[in-house]
Amino acid sequence: MNNLSKKAASVILSLMVFAATAIPTQAGDSYEKSSQQNLVRFDLGGRWQVSASGSNDWFGATVPGCIHTDLLAAKRMPDPFYRDNESRVQWVGEQDWTYRRTFQVTGEFYAHEHLLLRCEGLDTLATVFINGVRLGQADNMFRTWEYDAKSLLKPGTNSIEVRFASVPSLIHAKEAERHLPGPHYPGQNYVRKMPSDFGWDWGPTLITCGIWRNISLVAFDAARLADVQILQDHSQTGTVKLAFQVSAGPVTDAALKARLIVTSPDGKIFSPIESLLTNGSGAAELSINHPKIWWPAGMGAHPLYMVRVELLDGQERLLDSMQKRIGLRTMRVLSPTNSSSMQFIVNGVPFFAKGANWIPADVFPTRLSKAQLRHNMTDAAAVNMNMLRFWGGGYYEDDELFDTCDELGICVWLDFKFAGSTVPVFDATYLANVRQEAEDQVKRLRLHPSIAIWCGNNEISYFRGKEEWTTNKMSEADYYLLFGETLGGVMHSLAPQADYVTGSPDCGDMHFWDVWHGGQPFEAYRKIHGFMSEFGFQAFPVPATVDAFTAPEDRTNIYSPMVKYHERSNRPFLGKAEDGTIGTDKIMKIVRMNFREPKDFESTLWLSQINQAYGIEFAAEGWRREMPKSMGCVYWQYNDDWPGTSWSSVDYFGRWKALQYRARHFYAPVLISGVFDPTNNSVALWLTSDELKPVSGKLEWRVTDLAGTELRAGKQDAAVAAQQSLQVGKLDLTDLLKKYGVTNLLVWLSFDMNGKTVSQNLVLFVKPKELELLNPGLSSDVSGSGTDFTISVHAKHPALWVWLDTAGTEAHLSDNFIPMASDSSIRFTVKLEKPMAKRDFVNAVKVHSLFDTFANTPH
């Protein structure tokens with residue numbers, strides 16, 4: 001909008017504000033219309049009112065939003081994340097709520113032939129009224145609902161009211177009629193709502209309602225764009241042919257055509273192509289010579305083409321337009337064979353998937369800003385991830401998340417939103433509702449090049465039986481009716497070039513939980529091979545995060561009631577017996593299996609993170625070494641939806657745990673690693689590369705005792721072919737092991753390419769708790785000012801998992817939790833969110849190592 005248009009709109013809007021009623025109309029109301037375009041959108045978001053249904057106690061609300069965030073803003077509800085307040089706010093989800101506002105409709109807007117109310121997200125059981133008359137209903141959080149509102153609207157002042165019925169009330173009634181088997185909230189899958197709203201083994205139960213995505217009025221005359229499909233043909237070398245399919249509606253006899261304008265990543269605009277629409281549909285083709293191909297992170301660039309689609313009438317007037325970004329690439333998923341695991345192939349090249357599982361980043365998604373979502377994806381790319389699995393128990397993520405993945409080359413494994421419970425496929429209405437949901441989401445998301453695979457569900461195969469439903473299983477026929485025929489049919493029809501699988505882990509991937517749920521040691525990971533799409537181990541968050549959800553008196557030990565309250569893995573997994581009764585027991589059992597007893601509360605928090613990183617690194621390195629026998633390592637889980645203890649590597653506030661820092665090393669494009677074989681007292685040296693070209697460089701190794709004395713060292717040339725893992729050396733340490741013993745030796749590895757160290761590693765012969773570590777004598781020197789500091793850390797003796805704690809300030813660190821050899825120095829760069837005086841920063845930052853966590857530290 002130009003300055004003149006903005007000024008005119010401002011005058012119009014100022015006239016629209018009125019004070020005759022307490023129901024809000026806001027100065028922020030705006031009509032979005034191009035200077036030529038016929039279609040107009042009137043945003044109804046912003047300031048609303050809300051009340052418990054049946055009462056007249058109205059208070060301010062924000063749309064998009066949800067009832068919990070509105071209650072928080074109005075100070076009518078305590079913070080559900082603090083201590084055990086979650087248990088005190090369950091009444092919110094059990095209550096019916098009504099949202100309302102008024103708005104102005106101009107005569108010009110009302111004069112359009114079609115006037116629709118477009119609701120892009122109603123959570124969940126909603127009835128919509130315009131000017132007191134019922135317009136329509138909604139019962140699916142994931143659908144876009146449109147209603148013909150012309151007959152109920154009028155020029156001038158109008159009112160809208162959205163009444164939300166209690167989801168628990170409906171679920172309880174449905175459950176009374178027929179039990180729906182599942183391990184979580186009884187009957188939760190009777191409604192199409194974010195499954196994790198009902199609680200999970202890492203998050204709270206907070207059942208929301210509200211207008212959670214955009215709501216607007218859409219006005220137009222002859223027609224508007226309904227859908228744009230773009231298919232790619234890569235069969236000809238040096239050319240990509242794009243096939244466009246455009247549809248518009250309502251279908252009329254009016255002469256319509258589509259104009260398509262493609263802009264290359266470098267700004268080149270291709271000659272527009274046009275297509276006449278017949279019965280609202282048309283097709284066109286464009287060949288792109290010398291195409292710029294989209295690659296995942298670490299494999300190449302991620303160029304994006306812009307496609308603008310314009311709908312024109314017979315007089316060349318612009319009726320509607322939309323823009324899409326696409327990446328030119330092919331993506332296939334191959335099933336496992338006897339010699340290789342399930343694997344992804346992009347542009348004809350197989351690649352090892354490195355990443356984690358993404359869950360909702362907040363229990364209340366409307367609190368998430370675009371900047372937060374982008375920051376999360378940037379953090380994933382920063383630690384060499386090339387894949388995130390968008391898990392099936394959340395919601396269909398915001399466009400911003402997919403846009404950022406497109407830009408960063410992060411491949412998305414996209415689950416439809418079904419997880420961990422049976423679903424009422426026996427209800428034809430439910431099935432039709434799901435089909436429409438899938439069509440909405442596939443049309444919205446299918447052009448994103450980052451989406452590598454679509455998956456029907458998460459772990460519902462565990463609840464799939466045979467011929468008939470039972471007390472704990474759904475029938476095989478109903479399972480495949482939904483995840484095979486229905487969702488598969490939508491995918492085949494609307495995204496024929498995308499790969500779709502019915503579910504995970506029934507598509508050739510593996511979920512391995514015998515370590516966490518079964519109490520097996522981390523060594524169990526070496527017995528499993530394939531594409532690991534779920535595995536993991538829990539850790540406590542950093543002390544600052546624990547401070548956020550506890551009172552000082554809660555921080556006595558990890559078994560204090562409030563610390564335990566924020567750990568949710570406290571029930572049997574799929575009904576199986578387990579080794580511990582609550583998640584805290586599971587954490588500490590494996591911590592003690594690998595490390596010595598922590599000396600205090602904070603040391604326990606840090607040591608749990610070191611233990612988590614130690615285990616996941618052990619697993620990831622093993623699977624990367626054996627590719628193509630294993631071709632994916634996607635750990636559980638990347639993030640949190642509230643502050644608490646979980647499997648995450650990045651906590652609710654975006655703070656990195658030790659695992660996130662270590663991922664940068666074990667997911668590095670070129671990895672040097674070593675494997676100790678106690679049967680012949682040797683260490684096998686492995687070089688693993690994801691690079692698309694052969695890799696060669698200098699491998700250096702050193703054997704020291706725990707004091708840091710060098711006992712043996714060597715250098716050698718080492719090379720590996722593109723995208724391969726190879727044993728490049730072997731150290732026979734029989735004599736040193738006999739003389740010094742397995743508890744007094746360390747092997748330090750380094751691999752350099754073109755004079756630059758690209759990977760370092762440390763080989764232990766025993767579990768860390770068996771090492772008689774010396775006080776490493778860590779010292780540090782700080783330089784810098786404002787928000788940018790550099791800390792140089794020096795170690796007198798070997799130090800394991802050296803980390804900086806910047807308590808009291810939010811900081812981004814260049815690295816953390818790294819091993820240091822004797823008489824060595826490492827520089828950490830620190831970027832603060834807010835500037836600090838150097839003196840204050842020096843007092844705030846602390847340098848620690850594994851040695852500092854032990855209750856009985858060796859001398």
# chains A, B, ... in the order shown; residues from 1 in each chain; ligands from 1
>>> select_by_dssp(residues="segment 18-150 of chain A", states="alpha helix (DSSP H)", output="PyMOL selection string")
chain A and resi 67-73+91-94+107-110
>>> write_last_selection(atoms="all heavy atoms", output="compact mmCIF listing (two decimals), in the first residue's frame")
# COMPACT_ATOMS: atom_id res chain seq x y z
N ILE A 67 -7.81 -19.36 24.88
CA ILE A 67 -8.41 -18.94 26.13
C ILE A 67 -7.39 -18.86 27.26
O ILE A 67 -7.45 -17.95 28.11
CB ILE A 67 -9.60 -19.87 26.52
CG1 ILE A 67 -10.31 -19.36 27.76
CG2 ILE A 67 -9.13 -21.30 26.70
CD1 ILE A 67 -10.84 -17.94 27.64
N HIS A 68 -6.42 -19.75 27.27
CA HIS A 68 -5.43 -19.72 28.35
C HIS A 68 -4.57 -18.45 28.30
O HIS A 68 -4.31 -17.82 29.34
CB HIS A 68 -4.54 -20.96 28.29
CG HIS A 68 -5.23 -22.23 28.65
ND1 HIS A 68 -6.03 -22.91 27.76
CD2 HIS A 68 -5.25 -22.96 29.80
CE1 HIS A 68 -6.52 -23.99 28.34
NE2 HIS A 68 -6.06 -24.05 29.58
N THR A 69 -4.13 -18.07 27.10
CA THR A 69 -3.32 -16.86 27.01
C THR A 69 -4.16 -15.62 27.31
O THR A 69 -3.65 -14.64 27.86
CB THR A 69 -2.66 -16.75 25.63
OG1 THR A 69 -3.67 -16.85 24.61
CG2 THR A 69 -1.64 -17.86 25.43
N ASP A 70 -5.44 -15.65 26.96
CA ASP A 70 -6.30 -14.52 27.29
C ASP A 70 -6.52 -14.42 28.80
O ASP A 70 -6.51 -13.32 29.37
CB ASP A 70 -7.65 -14.66 26.58
CG ASP A 70 -7.53 -14.47 25.08
OD1 ASP A 70 -6.63 -13.74 24.65
OD2 ASP A 70 -8.33 -15.08 24.33
N LEU A 71 -6.72 -15.55 29.45
CA LEU A 71 -6.88 -15.55 30.91
C LEU A 71 -5.59 -15.09 31.60
O LEU A 71 -5.64 -14.36 32.60
CB LEU A 71 -7.27 -16.95 31.39
CG LEU A 71 -8.70 -17.40 31.07
CD1 LEU A 71 -8.85 -18.91 31.27
CD2 LEU A 71 -9.71 -16.64 31.94
N LEU A 72 -4.46 -15.51 31.06
CA LEU A 72 -3.18 -15.07 31.63
C LEU A 72 -3.02 -13.56 31.49
O LEU A 72 -2.62 -12.87 32.44
CB LEU A 72 -2.03 -15.79 30.95
CG LEU A 72 -1.74 -17.22 31.38
CD1 LEU A 72 -0.76 -17.88 30.42
CD2 LEU A 72 -1.19 -17.24 32.81
N ALA A 73 -3.34 -13.03 30.31
CA ALA A 73 -3.20 -11.59 30.07
C ALA A 73 -4.13 -10.79 30.98
O ALA A 73 -3.79 -9.68 31.41
CB ALA A 73 -3.47 -11.27 28.61
N TRP A 91 -9.93 -26.52 35.08
CA TRP A 91 -11.30 -26.03 34.87
C TRP A 91 -11.44 -25.26 33.56
O TRP A 91 -12.54 -25.20 32.99
CB TRP A 91 -11.72 -25.13 36.04
CG TRP A 91 -10.86 -23.92 36.23
CD1 TRP A 91 -9.72 -23.82 36.96
CD2 TRP A 91 -11.05 -22.62 35.64
NE1 TRP A 91 -9.18 -22.56 36.88
CE2 TRP A 91 -9.99 -21.80 36.07
CE3 TRP A 91 -12.01 -22.09 34.78
CZ2 TRP A 91 -9.86 -20.47 35.69
CZ3 TRP A 91 -11.91 -20.75 34.40
CH2 TRP A 91 -10.83 -19.96 34.85
N VAL A 92 -10.36 -24.69 33.08
CA VAL A 92 -10.44 -23.86 31.87
C VAL A 92 -10.89 -24.70 30.68
O VAL A 92 -11.77 -24.30 29.91
CB VAL A 92 -9.07 -23.21 31.58
CG1 VAL A 92 -9.13 -22.42 30.27
CG2 VAL A 92 -8.64 -22.32 32.74
N GLY A 93 -10.30 -25.88 30.52
CA GLY A 93 -10.66 -26.74 29.40
C GLY A 93 -12.03 -27.35 29.53
O GLY A 93 -12.63 -27.80 28.54
N GLU A 94 -12.57 -27.40 30.73
CA GLU A 94 -13.89 -28.01 30.96
C GLU A 94 -15.03 -27.03 30.78
O GLU A 94 -16.20 -27.41 30.75
CB GLU A 94 -13.91 -28.60 32.37
CG GLU A 94 -12.89 -29.73 32.56
CD GLU A 94 -12.67 -30.09 34.02
OE1 GLU A 94 -13.29 -29.44 34.89
OE2 GLU A 94 -11.86 -30.99 34.29
N GLY A 107 -20.04 0.10 2.46
CA GLY A 107 -20.94 -0.20 1.36
C GLY A 107 -20.21 -0.79 0.17
O GLY A 107 -20.70 -1.69 -0.51
N GLU A 108 -19.01 -0.31 -0.09
CA GLU A 108 -18.21 -0.81 -1.21
C GLU A 108 -17.86 -2.28 -1.00
O GLU A 108 -17.93 -3.08 -1.94
CB GLU A 108 -16.94 0.02 -1.36
CG GLU A 108 -16.04 -0.42 -2.49
CD GLU A 108 -14.73 0.36 -2.55
OE1 GLU A 108 -14.51 1.18 -1.64
OE2 GLU A 108 -13.95 0.13 -3.50
N PHE A 109 -17.47 -2.63 0.24
CA PHE A 109 -17.11 -4.01 0.55
C PHE A 109 -18.34 -4.91 0.43
O PHE A 109 -18.29 -5.99 -0.17
CB PHE A 109 -16.53 -4.08 1.96
CG PHE A 109 -16.00 -5.43 2.36
CD1 PHE A 109 -14.73 -5.84 1.97
CD2 PHE A 109 -16.74 -6.29 3.16
CE1 PHE A 109 -14.23 -7.08 2.35
CE2 PHE A 109 -16.27 -7.53 3.53
CZ PHE A 109 -15.00 -7.92 3.13
N TYR A 110 -19.47 -4.43 0.96
CA TYR A 110 -20.70 -5.24 0.96
C TYR A 110 -21.23 -5.47 -0.46
O TYR A 110 -21.89 -6.47 -0.73
CB TYR A 110 -21.77 -4.55 1.80
CG TYR A 110 -23.03 -5.37 1.96
CD1 TYR A 110 -23.07 -6.44 2.85
CD2 TYR A 110 -24.16 -5.07 1.19
CE1 TYR A 110 -24.23 -7.19 2.97
CE2 TYR A 110 -25.32 -5.82 1.32
CZ TYR A 110 -25.34 -6.90 2.21
OH TYR A 110 -26.47 -7.66 2.34
>>> select_by_dssp(residues="segment 198-329 of chain A", states="strand (DSSP E or B)", output="ChimeraX atom specification")
/A:198-200,203-205,210-211,215-220,224-233,239-249,256-263,269,273-278,281-289,293,305-313,318-326,328
>>> residues_around(residues="segment 292-306 of chain A", least_positions_apart="3", cutoff="8 Å", atoms="only C-alpha atoms", output="JSON, numbers by chain")
{"A": [262, 263, 264, 265, 323, 324, 325, 326, 327, 328, 329, 346, 347, 381, 384, 385, 386, 406, 407, 408, 409, 410, 411, 449, 450, 669, 690, 691, 692]}
>>> write_last_selection(atoms="C-alpha atoms", output="PDB file, in the first residue's frame")
ATOM      1  CA  VAL A 262       8.285 -17.248 -12.530  1.00  0.00           C
ATOM      2  CA  THR A 263      11.289 -15.492 -11.011  1.00  0.00           C
ATOM      3  CA  SER A 264      14.577 -17.345 -10.585  1.00  0.00           C
ATOM      4  CA  PRO A 265      16.629 -17.193  -7.358  1.00  0.00           C
ATOM      5  CA  GLN A 323       2.631 -16.346  -4.661  1.00  0.00           C
ATOM      6  CA  LYS A 324       4.389 -19.638  -4.027  1.00  0.00           C
ATOM      7  CA  ARG A 325       8.050 -20.507  -3.545  1.00  0.00           C
ATOM      8  CA  ILE A 326       9.329 -23.774  -4.929  1.00  0.00           C
ATOM      9  CA  GLY A 327      12.611 -25.629  -5.037  1.00  0.00           C
ATOM     10  CA  LEU A 328      13.605 -27.715  -8.038  1.00  0.00           C
ATOM     11  CA  ARG A 329      14.495 -31.178  -6.814  1.00  0.00           C
ATOM     12  CA  VAL A 346      17.577 -36.417  -3.285  1.00  0.00           C
ATOM     13  CA  ASN A 347      18.294 -35.588  -6.915  1.00  0.00           C
ATOM     14  CA  ALA A 381      21.135 -26.022  10.963  1.00  0.00           C
ATOM     15  CA  ASN A 384      24.705 -29.831  11.131  1.00  0.00           C
ATOM     16  CA  MET A 385      21.186 -31.252  11.130  1.00  0.00           C
ATOM     17  CA  ASN A 386      19.641 -31.912   7.741  1.00  0.00           C
ATOM     18  CA  ASP A 406      13.183 -24.423   2.652  1.00  0.00           C
ATOM     19  CA  GLU A 407      15.751 -21.660   3.044  1.00  0.00           C
ATOM     20  CA  LEU A 408      18.123 -23.644   5.272  1.00  0.00           C
ATOM     21  CA  GLY A 409      17.885 -26.992   3.512  1.00  0.00           C
ATOM     22  CA  ILE A 410      16.405 -28.823   6.495  1.00  0.00           C
ATOM     23  CA  CYS A 411      14.381 -31.787   5.235  1.00  0.00           C
ATOM     24  CA  PRO A 449      10.845 -28.524  -1.206  1.00  0.00           C
ATOM     25  CA  SER A 450      11.899 -29.226   2.373  1.00  0.00           C
ATOM     26  CA  PRO A 669      30.027 -33.445   7.741  1.00  0.00           C
ATOM     27  CA  ASP A 690      28.757 -36.917   4.142  1.00  0.00           C
ATOM     28  CA  GLU A 691      30.569 -34.829   1.543  1.00  0.00           C
ATOM     29  CA  LEU A 692      29.658 -35.326  -2.115  1.00  0.00           C
TER      30      LEU A 692
END
>>> residues_around(residues="Ser824 of chain A", least_positions_apart="2", cutoff="12 Å", atoms="only C-alpha atoms", output="short mmCIF file (atom, residue, chain, number, x, y, z; two decimals) with all heavy atoms, in the first residue's frame")
data_model
loop_
_atom_site.label_atom_id
_atom_site.label_comp_id
_atom_site.auth_asym_id
_atom_site.auth_seq_id
_atom_site.Cartn_x
_atom_site.Cartn_y
_atom_site.Cartn_z
N GLY A 708 47.83 -36.39 31.57
CA GLY A 708 48.08 -35.70 30.32
C GLY A 708 49.42 -36.00 29.70
O GLY A 708 49.76 -35.46 28.65
N PRO A 776 41.63 -30.67 36.73
CA PRO A 776 42.25 -30.20 35.49
C PRO A 776 42.92 -28.84 35.60
O PRO A 776 43.65 -28.43 34.70
CB PRO A 776 41.09 -30.15 34.51
CG PRO A 776 39.88 -29.97 35.37
CD PRO A 776 40.17 -30.72 36.64
N GLY A 777 42.68 -28.15 36.72
CA GLY A 777 43.31 -26.84 36.89
C GLY A 777 42.89 -25.85 35.83
O GLY A 777 43.73 -25.18 35.21
N LEU A 778 41.58 -25.73 35.59
CA LEU A 778 41.08 -24.84 34.57
C LEU A 778 41.27 -23.37 34.96
O LEU A 778 41.03 -22.98 36.11
CB LEU A 778 39.59 -25.10 34.32
CG LEU A 778 39.22 -26.47 33.78
CD1 LEU A 778 37.70 -26.61 33.69
CD2 LEU A 778 39.85 -26.71 32.41
N SER A 779 41.70 -22.57 34.02
CA SER A 779 41.80 -21.13 34.22
C SER A 779 41.25 -20.45 32.98
O SER A 779 41.17 -21.05 31.90
CB SER A 779 43.25 -20.70 34.45
OG SER A 779 44.07 -21.09 33.35
N SER A 780 40.86 -19.20 33.12
CA SER A 780 40.24 -18.51 31.99
C SER A 780 40.63 -17.05 31.94
O SER A 780 41.00 -16.46 32.95
CB SER A 780 38.71 -18.63 32.06
OG SER A 780 38.20 -18.03 33.23
N SER A 792 39.05 -17.43 26.83
CA SER A 792 40.10 -18.42 26.57
C SER A 792 40.26 -19.27 27.81
O SER A 792 40.54 -18.76 28.90
CB SER A 792 41.42 -17.72 26.24
OG SER A 792 41.30 -16.99 25.03
N VAL A 793 40.05 -20.57 27.66
CA VAL A 793 40.13 -21.51 28.78
C VAL A 793 41.39 -22.37 28.61
O VAL A 793 41.64 -22.89 27.51
CB VAL A 793 38.87 -22.39 28.85
CG1 VAL A 793 39.00 -23.41 29.98
CG2 VAL A 793 37.62 -21.54 29.04
N HIS A 794 42.14 -22.50 29.68
CA HIS A 794 43.36 -23.31 29.67
C HIS A 794 43.20 -24.46 30.66
O HIS A 794 42.66 -24.28 31.76
CB HIS A 794 44.57 -22.47 30.04
CG HIS A 794 45.86 -23.24 30.02
ND1 HIS A 794 46.55 -23.51 28.86
CD2 HIS A 794 46.57 -23.83 31.03
CE1 HIS A 794 47.63 -24.21 29.14
NE2 HIS A 794 47.66 -24.43 30.45
N ALA A 795 43.66 -25.65 30.25
CA ALA A 795 43.61 -26.83 31.12
C ALA A 795 45.03 -27.31 31.41
O ALA A 795 45.82 -27.52 30.48
CB ALA A 795 42.81 -27.93 30.47
N LYS A 796 45.34 -27.50 32.68
CA LYS A 796 46.65 -28.03 33.07
C LYS A 796 46.70 -29.54 32.84
O LYS A 796 47.71 -30.08 32.38
CB LYS A 796 46.92 -27.71 34.54
CG LYS A 796 48.28 -28.18 35.04
CD LYS A 796 48.48 -27.79 36.50
CE LYS A 796 49.83 -28.27 37.02
NZ LYS A 796 50.02 -27.94 38.46
N HIS A 797 45.61 -30.22 33.16
CA HIS A 797 45.48 -31.66 32.97
C HIS A 797 44.23 -31.94 32.13
O HIS A 797 43.38 -31.05 31.96
CB HIS A 797 45.37 -32.38 34.32
CG HIS A 797 46.56 -32.20 35.20
ND1 HIS A 797 47.81 -32.66 34.88
CD2 HIS A 797 46.68 -31.60 36.41
CE1 HIS A 797 48.66 -32.37 35.84
NE2 HIS A 797 48.00 -31.70 36.79
N PRO A 798 44.08 -33.16 31.60
CA PRO A 798 42.90 -33.45 30.79
C PRO A 798 41.60 -33.13 31.51
O PRO A 798 41.44 -33.43 32.70
CB PRO A 798 43.03 -34.95 30.52
CG PRO A 798 44.50 -35.21 30.56
CD PRO A 798 45.02 -34.30 31.64
N ALA A 799 40.69 -32.51 30.78
CA ALA A 799 39.39 -32.12 31.33
C ALA A 799 38.31 -32.63 30.38
O ALA A 799 38.39 -32.38 29.17
CB ALA A 799 39.30 -30.61 31.48
N PRO A 819 35.96 -31.86 25.31
CA PRO A 819 37.13 -32.37 26.03
C PRO A 819 38.36 -31.51 25.75
O PRO A 819 38.54 -31.00 24.64
CB PRO A 819 37.30 -33.78 25.46
CG PRO A 819 36.75 -33.69 24.07
CD PRO A 819 35.64 -32.68 24.13
N MET A 820 39.21 -31.35 26.77
CA MET A 820 40.45 -30.59 26.62
C MET A 820 41.63 -31.44 27.07
O MET A 820 41.60 -32.03 28.16
CB MET A 820 40.40 -29.30 27.44
CG MET A 820 39.40 -28.28 26.93
SD MET A 820 39.48 -26.73 27.86
CE MET A 820 41.14 -26.16 27.44
N ALA A 821 42.65 -31.52 26.23
CA ALA A 821 43.87 -32.23 26.59
C ALA A 821 44.70 -31.38 27.55
O ALA A 821 44.42 -30.20 27.77
CB ALA A 821 44.66 -32.55 25.33
N SER A 822 45.71 -31.98 28.12
CA SER A 822 46.57 -31.25 29.07
C SER A 822 47.33 -30.15 28.36
O SER A 822 47.68 -30.26 27.18
CB SER A 822 47.54 -32.22 29.74
OG SER A 822 48.37 -32.81 28.76
N ILE A 826 41.40 -23.39 24.67
CA ILE A 826 40.30 -23.29 23.72
C ILE A 826 39.65 -21.93 23.89
O ILE A 826 39.47 -21.44 25.02
CB ILE A 826 39.26 -24.40 23.94
CG1 ILE A 826 39.86 -25.77 23.61
CG2 ILE A 826 38.01 -24.16 23.10
CD1 ILE A 826 38.89 -26.91 23.75
N ARG A 827 39.29 -21.33 22.77
CA ARG A 827 38.61 -20.04 22.80
C ARG A 827 37.12 -20.24 22.56
O ARG A 827 36.71 -20.87 21.58
CB ARG A 827 39.18 -19.10 21.73
CG ARG A 827 40.52 -18.53 22.10
CD ARG A 827 41.04 -17.55 21.07
NE ARG A 827 40.01 -17.00 20.20
CZ ARG A 827 40.20 -15.89 19.47
NH1 ARG A 827 41.35 -15.27 19.52
NH2 ARG A 827 39.25 -15.46 18.68
#
>>> atom_distance(atom1="atom CA of Phe522 of chain A", atom2="atom CA of Val542 of chain A")
22.7 Å
>>> closest_residue(among="A:Asn131, A:Thr584, A:Gln637, A:Ser281", to="Thr157 of chain A", atoms="only C-alpha atoms")
A:Asn131
>>> residues_around(residues="segment 810-817 of chain A", least_positions_apart="3", cutoff="10 Å", atoms="only C-alpha atoms", output="JSON, numbers by chain")
{"A": [544, 609, 610, 613, 653, 654, 655, 656, 657, 658, 659, 660, 661, 662, 664, 665, 787, 788, 789, 790, 800, 801, 802, 803, 804, 805, 806, 807, 820, 826, 827, 828, 829, 830, 831, 832, 833, 834, 848, 849, 850]}
>>> closest_residue(among="A:Thr853, A:Thr98, A:Thr545, A:Gln727", to="Pro643 of chain A", atoms="only C-alpha atoms")
A:Thr545
>>> residues_around(residues="Glu439 of chain A", least_positions_apart="5", cutoff="9 Å", atoms="only C-alpha atoms", output="PyMOL selection string")
chain A and resi 143+434+444+487+490-491+494
>>> write_last_selection(atoms="N, CA and C atoms", output="tab-separated table (two decimals), in the first residue's frame")
chain	number	residue	atom	x	y	z
A	143	ARG	N	-8.64	-27.69	10.17
A	143	ARG	CA	-9.26	-27.35	8.89
A	143	ARG	C	-9.42	-25.85	8.73
A	434	VAL	N	-11.63	-35.97	8.44
A	434	VAL	CA	-10.19	-36.15	8.29
A	434	VAL	C	-9.77	-35.97	6.83
A	444	ARG	N	-1.97	-26.73	1.17
A	444	ARG	CA	-1.21	-25.63	1.77
A	444	ARG	C	0.29	-25.88	1.74
A	487	LEU	N	-5.93	-41.23	3.63
A	487	LEU	CA	-4.81	-40.29	3.53
A	487	LEU	C	-3.96	-40.60	2.30
A	490	VAL	N	-5.68	-39.13	-0.71
A	490	VAL	CA	-5.51	-37.68	-0.80
A	490	VAL	C	-4.12	-37.36	-1.34
A	491	MET	N	-3.10	-38.04	-0.84
A	491	MET	CA	-1.74	-37.80	-1.30
A	491	MET	C	-1.59	-38.14	-2.78
A	494	LEU	N	-3.54	-35.30	-4.74
A	494	LEU	CA	-3.11	-33.91	-4.62
A	494	LEU	C	-1.60	-33.71	-4.62
>>> residues_around(residues="Gly60 of chain A", least_positions_apart="4", cutoff="8 Å", atoms="only C-alpha atoms", output="ChimeraX atom specification")
/A:47-50,70,74
>>> closest_atom_pairs(of="segment 445-466 of chain A", to="segment 189-208 of chain A", cutoff="12 Å", atoms="only C-alpha atoms", output="CSV")
residue,atom,partner,partner_atom,distance
A:Asn457,CA,A:Pro195,CA,11.6
A:Asn458,CA,A:Pro195,CA,11.2
A:Ile460,CA,A:Asn189,CA,11.6
>>> atom_distance(atom1="atom CA of Met387 of chain A", atom2="atom CA of Tyr638 of chain A")
11.1 Å
>>> closest_atom_pairs(of="segment 622-700 of chain A", to="segment 331-338 of chain A", cutoff="12 Å", atoms="only C-alpha atoms", output="Markdown table")
| residue | atom | partner | partner_atom | distance |
| --- | --- | --- | --- | --- |
| A:Pro628 | CA | A:Pro336 | CA | 10.0 |
| A:Lys629 | CA | A:Asn338 | CA | 8.6 |
| A:Ser630 | CA | A:Pro336 | CA | 9.5 |
| A:Met631 | CA | A:Pro336 | CA | 9.7 |
| A:Gly632 | CA | A:Pro336 | CA | 11.7 |
>>> write_last_selection(atoms="C-alpha atoms", output="PDB file, in the first residue's frame")
ATOM      1  CA  PRO A 628      24.544 -47.782   4.353  1.00  0.00           C
ATOM      2  CA  LYS A 629      23.506 -50.436   6.888  1.00  0.00           C
ATOM      3  CA  SER A 630      22.079 -47.492   8.806  1.00  0.00           C
ATOM      4  CA  MET A 631      21.070 -44.319   6.972  1.00  0.00           C
ATOM      5  CA  GLY A 632      19.317 -42.173   9.525  1.00  0.00           C
TER       6      GLY A 632
END
>>> decode(residues="segment 449-460 of chain A", atoms="C-alpha atoms", output="compact mmCIF listing (two decimals), in the first residue's frame")
# COMPACT_ATOMS: atom_id res chain seq x y z
CA PRO A 449 10.85 -28.52 -1.21
CA SER A 450 11.90 -29.23 2.37
CA ILE A 451 9.12 -31.81 2.87
CA ALA A 452 10.90 -35.09 2.20
CA ILE A 453 8.19 -37.54 3.24
CA TRP A 454 4.57 -37.50 4.38
CA CYS A 455 3.65 -40.01 7.07
CA GLY A 456 0.19 -41.06 8.20
CA ASN A 457 0.79 -41.30 11.93
CA ASN A 458 3.13 -41.86 14.83
CA GLU A 459 3.11 -45.25 16.58
CA ILE A 460 -0.55 -46.10 16.00
